[in-house]
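What follows is one structure encoded as structure tokens, with my remarks underneath.
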Amino acid sequence: MLLLLLLLLAVIIPGGDSEDAVQGPTSYHVIQISTYANSTWAQNQGSGWLGDLQIHGWDSDSGTAIFLKPWSKGNFSNEEVTEVVDLLRVYLIGFTREVQDKAKEFQLEYPFVIQGTAGCELHPGKAISSFLRGALGGLDFVSLKNNLCVPAPEGGSKAQQFCALIIQYQGILDIIETLLSETCPRYLLGVLDAGKAELQRQVKPEAWLSSGPTPGPGRLLLVCHVSGFYPKPVWVMWMRGEQEQPSTQRGDILPHADGTWYFRVTLDVVAGEVSGLSCRVKHSSLGDQDIILYWGHPTSITLIVLAIIVPFLILLICLALWYWRRWSYQSVL
Ligand SMILES: *[C@@H]1O[C@H](CO)[C@@H](O)[C@H](O)[C@H]1NC(C)=O
Ligand SMILES: *[C@@H]1O[C@H](CO)[C@@H](O)[C@H](O)[C@H]1NC(C)=O
């Protein structure tokens with residue numbers, strides 16, 4: 001009986017795993033960046049993100065949202081979208097005015113920047129948590145936990161003063177609470193479904209090798225480029241045989257305009273020790289068919305030679321055919 005139970009568990013557990021392994025973003029958040037140049041000039045920038053993919057912009061002149069994907073509205077009706085956008089417009093106008101009014105009281109010196117982010121995240125097991133954080137001058141200022149304003153240590157007495165003030169605006173806190181704990185999770189589930197085809201797509205990387213600026217006499221910088229892949233997680237390593245080279249240097253994973261990613265890793269080696277080195281790429285789109293590129297492998301040279309020779313051969317054949325036809329035409333005459 002116990003054995004049966006264990007067998008059953010063994011069948012059930014991998015199933016659970018593969019469900020959790022669904023690729024793509026699991027969170028939605030908005031970002032607000034408010035810049036105050038002086039007592040009369042302020043600017044708000046807003047955007048909405050699914051993980052690291054931007055799906056909303058904000059036109060601050062007209063105070064309207066920009067939907068960057070055909071599915072950016074998720075499963076919300078136009079009425080509900082309008083309602084939320086109206087709320088955001090009123091909020092941003094009010095926020096700017098309040099900050100300008102209270103700048104003196106809070107001893108804020110122009111110019112300064114306020115950053116805010118708020119959203120919700122889906123966890124394995126389908127629980128959804130929400131968050132809201134504010135920063136002043138690039139430092140954590142306050143956060144919201146269980147609908148309570150929590151001053152950040154970096155925020156000092158100003159942050160404590162701010163939280164003491166915001167408690168008096170219970171109406172605003174209630175609206176924020178509803179947006180975070182009710183609207184955001186409902187929107188997140190809807191938009192993840194609406195954008196499924198794009199969010200869960202798999203795009204294979206292309207990879208190539210080059211040499212970088214020489215790091216010193218008798219040394220080479222080998223560069224392995226990996227480009228055009230989606231989703232973002234990727235593993236790239238310089239190898240000697242099956243041995244990972246720990247001195248592999250990773251760059252940042254950089255975005256392409258089409259939503260795919262670019263990544264490069266480099267290896268600084270003694271010029272005489274390059275043979276047997278390869279760059280290995282693992283990515284979900286490749287399954288277990290890793291890309292392996294060997295340094296100095298003839299493939300690249302063969303390709304170049306082919307690229308030159310093939311058109312040349314075709315030209316030769318065309319010329320030969322032309323001559324042959326001319327010749328046979330003349331010989332008929
Ligand atoms: C406020 O800042 C803006 C933008 O930098 C500038 O154009 C404007 O002249 C400033 N106004 C005052 C009163 O300093
Ligand atoms: C959108 O989808 C979510 C999750 O499936 C659901 O809870 C919600 O009722 C749907 N409709 C709207 C208008 O939010």
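Order determines the names: the first chain of the structure tokens is A, the second B, and so forth; residues in each chain are numbered 1 upward, and ligands are numbered 1 upward as they are shown.
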Restrict the calculation to only C-alpha atoms and all ligand atoms, then for each residue of chain A with any atom at most 6 Å from an atom of ligand 1 give the closest atom pair and their distance in Å to one decimal, rows by chain and rising residue number, as JSON lines.
{"residue": "A:Ala37", "atom": "CA", "partner": "ligand 1", "partner_atom_place_in_ligand_line": "2 (O)", "distance": 4.8}
{"residue": "A:Asn38", "atom": "CA", "partner": "ligand 1", "partner_atom_place_in_ligand_line": "1 (C)", "distance": 4.8}
{"residue": "A:Trp41", "atom": "CA", "partner": "ligand 1", "partner_atom_place_in_ligand_line": "1 (C)", "distance": 4.9}
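Considering only C-alpha atoms and all ligand atoms, the residues that reside within 12 Å of ligand 2 can be listed as Lys73, Gly74, Asn75, Phe76, Ser77, Asn78, Glu79, Glu80, Val81, Leu122, Lys126, Ile128, Glu182, Thr183, Cys184, Pro185, Arg186, Tyr187, Leu188, Leu189, Gly190, Val191, Leu192, Asp193 and Ala194 of chain A.
In terms of minimum interatomic distance to Trp49 (chain A), A:Ala118 ranks closest within A:Leu321, A:Ala103, A:Ala118, A:Leu136, counting only C-alpha atoms.
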(request) Quick one: everything within 10 Å of Val234 (chain A), counting only C-alpha atoms, minus sequence neighbours fewer than 2 positions away in the same chain. Send it as a PyMOL selection string. (result) chain A and resi 205+226+229-232+236+253+261-263+281-285
Kindly export the residues of the current selection with all heavy atoms, as a short mmCIF file (atom, residue, chain, number, x, y, z; two decimals), in the first residue's frame.
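Result written to selection.cif:
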data_model
loop_
_atom_site.label_atom_id
_atom_site.label_comp_id
_atom_site.auth_asym_id
_atom_site.auth_seq_id
_atom_site.Cartn_x
_atom_site.Cartn_y
_atom_site.Cartn_z
N PRO A 205 17.98 31.41 -29.91
CA PRO A 205 19.06 32.39 -30.11
C PRO A 205 19.91 32.05 -31.32
O PRO A 205 19.98 30.90 -31.75
CB PRO A 205 19.88 32.24 -28.83
CG PRO A 205 19.63 30.87 -28.34
CD PRO A 205 18.26 30.48 -28.81
N VAL A 226 25.26 35.97 -28.05
CA VAL A 226 24.01 35.20 -28.14
C VAL A 226 22.90 36.21 -28.31
O VAL A 226 22.77 37.13 -27.51
CB VAL A 226 23.80 34.37 -26.86
CG1 VAL A 226 22.56 33.50 -26.99
CG2 VAL A 226 25.02 33.50 -26.58
N PHE A 229 17.00 35.90 -28.45
CA PHE A 229 16.29 34.82 -27.77
C PHE A 229 15.17 35.35 -26.89
O PHE A 229 15.15 36.51 -26.47
CB PHE A 229 17.25 33.95 -26.94
CG PHE A 229 18.08 34.72 -25.95
CD1 PHE A 229 17.62 34.95 -24.67
CD2 PHE A 229 19.32 35.22 -26.32
CE1 PHE A 229 18.39 35.66 -23.75
CE2 PHE A 229 20.10 35.94 -25.41
CZ PHE A 229 19.63 36.16 -24.13
N TYR A 230 14.20 34.48 -26.61
CA TYR A 230 13.09 34.77 -25.71
C TYR A 230 12.59 33.45 -25.15
O TYR A 230 12.51 32.50 -25.90
CB TYR A 230 11.95 35.51 -26.43
CG TYR A 230 10.89 35.96 -25.47
CD1 TYR A 230 10.94 37.22 -24.90
CD2 TYR A 230 9.85 35.09 -25.09
CE1 TYR A 230 9.98 37.62 -23.98
CE2 TYR A 230 8.91 35.49 -24.16
CZ TYR A 230 8.97 36.75 -23.62
OH TYR A 230 8.04 37.15 -22.69
N PRO A 231 12.30 33.34 -23.87
CA PRO A 231 12.36 34.36 -22.81
C PRO A 231 13.79 34.67 -22.34
O PRO A 231 14.75 34.13 -22.90
CB PRO A 231 11.54 33.72 -21.69
CG PRO A 231 11.71 32.26 -21.89
CD PRO A 231 11.79 32.06 -23.38
N LYS A 232 13.88 35.52 -21.31
CA LYS A 232 15.16 36.09 -20.91
C LYS A 232 16.18 35.11 -20.30
O LYS A 232 17.37 35.22 -20.58
CB LYS A 232 14.90 37.23 -19.94
CG LYS A 232 16.07 38.15 -19.71
CD LYS A 232 15.65 39.30 -18.78
CE LYS A 232 16.76 40.30 -18.59
NZ LYS A 232 16.37 41.39 -17.67
N VAL A 236 25.12 30.81 -20.65
CA VAL A 236 26.19 30.81 -21.65
C VAL A 236 27.52 30.70 -20.92
O VAL A 236 27.75 31.39 -19.93
CB VAL A 236 26.18 32.10 -22.50
CG1 VAL A 236 27.20 32.01 -23.63
CG2 VAL A 236 24.80 32.38 -23.07
N ILE A 253 22.27 41.33 -19.76
CA ILE A 253 21.33 40.87 -20.78
C ILE A 253 20.60 42.10 -21.29
O ILE A 253 19.92 42.79 -20.53
CB ILE A 253 20.35 39.82 -20.20
CG1 ILE A 253 21.14 38.62 -19.66
CG2 ILE A 253 19.37 39.38 -21.27
CD1 ILE A 253 20.29 37.47 -19.18
N TRP A 261 16.22 39.21 -26.56
CA TRP A 261 17.35 39.62 -25.74
C TRP A 261 18.70 39.31 -26.38
O TRP A 261 18.80 38.43 -27.24
CB TRP A 261 17.26 38.93 -24.38
CG TRP A 261 16.04 39.30 -23.63
CD1 TRP A 261 14.84 38.62 -23.62
CD2 TRP A 261 15.84 40.46 -22.82
NE1 TRP A 261 13.93 39.30 -22.83
CE2 TRP A 261 14.52 40.42 -22.33
CE3 TRP A 261 16.66 41.53 -22.45
CZ2 TRP A 261 14.00 41.41 -21.50
CZ3 TRP A 261 16.15 42.51 -21.61
CH2 TRP A 261 14.82 42.45 -21.15
N TYR A 262 19.69 40.06 -25.94
CA TYR A 262 21.07 39.88 -26.40
C TYR A 262 21.96 39.71 -25.18
O TYR A 262 21.77 40.36 -24.16
CB TYR A 262 21.53 41.10 -27.20
CG TYR A 262 23.02 41.12 -27.47
CD1 TYR A 262 23.53 40.49 -28.59
CD2 TYR A 262 23.89 41.74 -26.59
CE1 TYR A 262 24.91 40.47 -28.82
CE2 TYR A 262 25.26 41.73 -26.81
CZ TYR A 262 25.76 41.10 -27.93
OH TYR A 262 27.11 41.08 -28.14
N PHE A 263 22.94 38.81 -25.29
CA PHE A 263 23.83 38.54 -24.15
C PHE A 263 25.20 38.17 -24.70
O PHE A 263 25.30 37.54 -25.75
CB PHE A 263 23.25 37.37 -23.36
CG PHE A 263 23.99 37.03 -22.09
CD1 PHE A 263 24.34 38.01 -21.18
CD2 PHE A 263 24.32 35.71 -21.81
CE1 PHE A 263 25.00 37.69 -20.00
CE2 PHE A 263 24.98 35.38 -20.62
CZ PHE A 263 25.32 36.38 -19.72
N VAL A 281 25.75 27.26 -25.12
CA VAL A 281 24.55 28.04 -24.85
C VAL A 281 23.39 27.10 -24.52
O VAL A 281 23.08 26.19 -25.30
CB VAL A 281 24.15 28.88 -26.09
CG1 VAL A 281 22.92 29.73 -25.78
CG2 VAL A 281 25.31 29.75 -26.57
N LYS A 282 22.78 27.32 -23.36
CA LYS A 282 21.56 26.59 -23.00
C LYS A 282 20.42 27.58 -22.92
O LYS A 282 20.55 28.65 -22.33
CB LYS A 282 21.72 25.94 -21.62
CG LYS A 282 22.70 24.79 -21.54
CD LYS A 282 22.81 24.33 -20.09
CE LYS A 282 23.94 23.34 -19.88
NZ LYS A 282 23.64 22.00 -20.39
N HIS A 283 19.30 27.22 -23.55
CA HIS A 283 18.12 28.09 -23.50
C HIS A 283 16.87 27.22 -23.66
O HIS A 283 16.91 26.21 -24.37
CB HIS A 283 18.19 29.14 -24.62
CG HIS A 283 17.10 30.15 -24.56
ND1 HIS A 283 16.00 30.13 -25.38
CD2 HIS A 283 16.92 31.21 -23.72
CE1 HIS A 283 15.20 31.14 -25.06
NE2 HIS A 283 15.74 31.81 -24.06
N SER A 284 15.79 27.65 -23.01
CA SER A 284 14.58 26.82 -23.03
C SER A 284 14.09 26.52 -24.45
O SER A 284 13.54 25.45 -24.70
CB SER A 284 13.47 27.51 -22.23
OG SER A 284 13.29 28.83 -22.69
N SER A 285 14.33 27.45 -25.40
CA SER A 285 13.86 27.23 -26.78
C SER A 285 14.64 26.13 -27.47
O SER A 285 14.22 25.61 -28.50
CB SER A 285 14.02 28.52 -27.58
OG SER A 285 15.39 28.85 -27.70
#
(message) I want to know what sits within 12 Å of region 143-158 of chain A, based on only C-alpha atoms, with residues of the same chain fewer than 5 positions away left out; could you give that as an MDAnalysis selection string?
(response) chainID A and resid 102:108 115:119 129:138 163:181
(request) Write out as a ChimeraX atom specification all residues of region 122-283 of chain A that backbone DSSP assigns to alpha helix (DSSP H). (result) /A:156-166,170-178,184-194,196-199
(message) Could you go through region 156-266 of chain A and tell me which residues DSSP, when run on the backbone, assigns to strand (DSSP E or B), listing them as a ChimeraX atom specification?
(response) /A:203,206-211,219-230,235-240,243-244,249-250,254-255,261-266
(message) Between A:His123, A:Arg280, A:Arg264, A:Arg240, which residue has the minimum interatomic distance to Ser210 (chain A), considering only C-alpha atoms?
(response) A:Arg264
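Residue nearest Lys196 (chain A) within the list A:Gln43, A:Ser275, A:Ser60, A:Ser72: A:Ser72 [criterion: smallest interatomic distance, only C-alpha atoms].
One finds CA of Asp288 (chain A) at 28.6 Å from CA of Glu273 (chain A).
You can rank A:Leu254, A:Met237, A:Ala271, A:Leu286 by their closest distance to Thr214 (chain A) using only C-alpha atoms, and at the top of that list sits A:Ala271.
Nearest residue to Gly46 (chain A), choosing from A:Gly63, A:Gly125, A:Gly259, A:Gly296 and counting only C-alpha atoms: A:Gly63.
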(message) I want to know what sits within 12 Å of Leu209 (chain A), based on only C-alpha atoms, with residues of the same chain fewer than 3 positions away left out; could you give that as a PyMOL selection string?
(response) chain A and resi 206+212+221-227+238+264-267+277-280+292-297+299-300
For N, CA, C and O atoms, I'd like the residues from the last selection saved as an mmCIF file, in the first residue's frame.
data_model
loop_
_atom_site.group_PDB
_atom_site.id
_atom_site.type_symbol
_atom_site.label_atom_id
_atom_site.label_comp_id
_atom_site.auth_asym_id
_atom_site.auth_seq_id
_atom_site.Cartn_x
_atom_site.Cartn_y
_atom_site.Cartn_z
ATOM 1 N N GLU A 206 20.563 33.084 -31.862
ATOM 2 C CA GLU A 206 21.671 32.867 -32.779
ATOM 3 C C GLU A 206 22.926 33.131 -31.974
ATOM 4 O O GLU A 206 22.929 33.997 -31.099
ATOM 5 N N GLY A 212 37.690 40.215 -29.082
ATOM 6 C CA GLY A 212 37.550 41.579 -28.593
ATOM 7 C C GLY A 212 38.890 42.280 -28.589
ATOM 8 O O GLY A 212 39.887 41.720 -29.050
ATOM 9 N N LEU A 221 41.045 38.111 -26.195
ATOM 10 C CA LEU A 221 39.724 38.202 -25.570
ATOM 11 C C LEU A 221 38.731 37.525 -26.512
ATOM 12 O O LEU A 221 38.468 38.018 -27.608
ATOM 13 N N LEU A 222 38.215 36.376 -26.079
ATOM 14 C CA LEU A 222 37.246 35.654 -26.908
ATOM 15 C C LEU A 222 35.852 36.110 -26.518
ATOM 16 O O LEU A 222 35.512 36.163 -25.328
ATOM 17 N N VAL A 223 35.048 36.443 -27.519
ATOM 18 C CA VAL A 223 33.704 36.939 -27.238
ATOM 19 C C VAL A 223 32.682 35.988 -27.842
ATOM 20 O O VAL A 223 32.781 35.622 -29.011
ATOM 21 N N CYS A 224 31.728 35.586 -27.021
ATOM 22 C CA CYS A 224 30.643 34.735 -27.506
ATOM 23 C C CYS A 224 29.356 35.553 -27.440
ATOM 24 O O CYS A 224 28.957 36.012 -26.369
ATOM 25 N N HIS A 225 28.734 35.789 -28.594
ATOM 26 C CA HIS A 225 27.510 36.587 -28.674
ATOM 27 C C HIS A 225 26.303 35.667 -28.790
ATOM 28 O O HIS A 225 26.338 34.714 -29.573
ATOM 29 N N VAL A 226 25.256 35.972 -28.051
ATOM 30 C CA VAL A 226 24.015 35.196 -28.138
ATOM 31 C C VAL A 226 22.902 36.213 -28.312
ATOM 32 O O VAL A 226 22.767 37.131 -27.505
ATOM 33 N N SER A 227 22.128 36.065 -29.381
ATOM 34 C CA SER A 227 21.231 37.160 -29.724
ATOM 35 C C SER A 227 19.869 36.673 -30.185
ATOM 36 O O SER A 227 19.746 35.614 -30.794
ATOM 37 N N TRP A 238 31.945 29.712 -21.411
ATOM 38 C CA TRP A 238 33.114 29.229 -22.146
ATOM 39 C C TRP A 238 33.549 27.909 -21.525
ATOM 40 O O TRP A 238 33.582 27.795 -20.291
ATOM 41 N N ARG A 264 26.254 38.620 -24.030
ATOM 42 C CA ARG A 264 27.579 38.177 -24.465
ATOM 43 C C ARG A 264 28.430 37.823 -23.260
ATOM 44 O O ARG A 264 28.291 38.417 -22.181
ATOM 45 N N VAL A 265 29.282 36.805 -23.437
ATOM 46 C CA VAL A 265 30.235 36.454 -22.393
ATOM 47 C C VAL A 265 31.621 36.448 -23.025
ATOM 48 O O VAL A 265 31.770 36.163 -24.210
ATOM 49 N N THR A 266 32.623 36.811 -22.223
ATOM 50 C CA THR A 266 33.974 36.899 -22.760
ATOM 51 C C THR A 266 34.913 36.035 -21.931
ATOM 52 O O THR A 266 34.619 35.690 -20.787
ATOM 53 N N LEU A 267 36.043 35.693 -22.558
ATOM 54 C CA LEU A 267 37.068 34.931 -21.858
ATOM 55 C C LEU A 267 38.435 35.497 -22.257
ATOM 56 O O LEU A 267 38.744 35.613 -23.438
ATOM 57 N N LEU A 277 38.757 25.311 -26.944
ATOM 58 C CA LEU A 277 37.778 26.141 -26.231
ATOM 59 C C LEU A 277 36.493 26.239 -27.037
ATOM 60 O O LEU A 277 36.504 26.311 -28.265
ATOM 61 N N SER A 278 35.383 26.225 -26.320
ATOM 62 C CA SER A 278 34.105 26.351 -27.013
ATOM 63 C C SER A 278 33.167 27.198 -26.157
ATOM 64 O O SER A 278 33.361 27.343 -24.957
ATOM 65 N N CYS A 279 32.152 27.737 -26.801
ATOM 66 C CA CYS A 279 31.127 28.496 -26.085
ATOM 67 C C CYS A 279 29.853 27.666 -26.113
ATOM 68 O O CYS A 279 29.442 27.183 -27.174
ATOM 69 N N ARG A 280 29.251 27.462 -24.949
ATOM 70 C CA ARG A 280 28.073 26.609 -24.862
ATOM 71 C C ARG A 280 26.871 27.427 -24.426
ATOM 72 O O ARG A 280 26.962 28.205 -23.483
ATOM 73 N N ILE A 292 26.801 24.723 -29.406
ATOM 74 C CA ILE A 292 28.224 24.688 -29.026
ATOM 75 C C ILE A 292 29.043 25.226 -30.194
ATOM 76 O O ILE A 292 28.950 24.707 -31.314
ATOM 77 N N LEU A 293 29.772 26.298 -29.951
ATOM 78 C CA LEU A 293 30.613 26.890 -30.992
ATOM 79 C C LEU A 293 32.070 26.741 -30.579
ATOM 80 O O LEU A 293 32.442 27.125 -29.471
ATOM 81 N N TYR A 294 32.894 26.168 -31.460
ATOM 82 C CA TYR A 294 34.312 25.970 -31.145
ATOM 83 C C TYR A 294 35.133 27.135 -31.645
ATOM 84 O O TYR A 294 34.924 27.596 -32.764
ATOM 85 N N TRP A 295 36.044 27.604 -30.819
ATOM 86 C CA TRP A 295 36.942 28.693 -31.234
ATOM 87 C C TRP A 295 37.889 28.174 -32.315
ATOM 88 O O TRP A 295 38.470 27.111 -32.155
ATOM 89 N N GLY A 296 37.984 28.956 -33.394
ATOM 90 C CA GLY A 296 38.898 28.567 -34.466
ATOM 91 C C GLY A 296 38.416 27.390 -35.278
ATOM 92 O O GLY A 296 39.142 26.821 -36.063
ATOM 93 N N HIS A 297 37.140 27.005 -35.060
ATOM 94 C CA HIS A 297 36.577 25.891 -35.826
ATOM 95 C C HIS A 297 36.433 26.320 -37.275
ATOM 96 O O HIS A 297 36.092 27.466 -37.551
ATOM 97 N N THR A 299 34.233 25.923 -39.386
ATOM 98 C CA THR A 299 32.892 26.228 -39.905
ATOM 99 C C THR A 299 32.798 27.647 -40.440
ATOM 100 O O THR A 299 32.347 27.865 -41.565
ATOM 101 N N SER A 300 33.269 28.598 -39.624
ATOM 102 C CA SER A 300 33.077 29.984 -40.026
ATOM 103 C C SER A 300 33.860 30.274 -41.313
ATOM 104 O O SER A 300 33.374 30.946 -42.208
#
(message) Which residues are near Leu50 (chain A)? Cut-off 8 Å, only C-alpha atoms, ignore same chain within fewer than 5 positions. Put them as an NGL selection string.
(response) :A and (25-29 or 55)
(message) So that I can see what lies close to Ala257 (chain A), please list as a PyMOL selection string the residues with an atom at most 12 Å from it, counting only C-alpha atoms and leaving out residues fewer than 5 positions away in the same chain.
(response) chain A and resi 53-54+228+262
May I have the residues from that selection written out with N, CA, C and O atoms, as a PDB file, in the first residue's frame?
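Saved to out15.pdb:
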ATOM      1  N   LEU A  53       8.691  43.264 -19.467  1.00  0.00           N
ATOM      2  CA  LEU A  53       8.114  43.670 -20.750  1.00  0.00           C
ATOM      3  C   LEU A  53       7.160  44.844 -20.545  1.00  0.00           C
ATOM      4  O   LEU A  53       6.182  44.740 -19.803  1.00  0.00           O
ATOM      5  N   GLN A  54       7.448  45.973 -21.203  1.00  0.00           N
ATOM      6  CA  GLN A  54       6.565  47.127 -21.052  1.00  0.00           C
ATOM      7  C   GLN A  54       5.326  46.957 -21.922  1.00  0.00           C
ATOM      8  O   GLN A  54       5.428  46.693 -23.117  1.00  0.00           O
ATOM      9  N   GLY A 228      18.839  37.465 -29.881  1.00  0.00           N
ATOM     10  CA  GLY A 228      17.499  37.247 -30.433  1.00  0.00           C
ATOM     11  C   GLY A 228      16.707  36.168 -29.728  1.00  0.00           C
ATOM     12  O   GLY A 228      15.802  35.586 -30.323  1.00  0.00           O
ATOM     13  N   TYR A 262      19.691  40.065 -25.943  1.00  0.00           N
ATOM     14  CA  TYR A 262      21.069  39.878 -26.402  1.00  0.00           C
ATOM     15  C   TYR A 262      21.963  39.706 -25.184  1.00  0.00           C
ATOM     16  O   TYR A 262      21.767  40.364 -24.160  1.00  0.00           O
TER      17      TYR A 262
END
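Between Leu199 (chain A) and the residues A:Ser247, A:Thr96, A:Thr40, A:Thr260, the shortest atom-to-atom distance, using only C-alpha atoms, involves A:Thr260.
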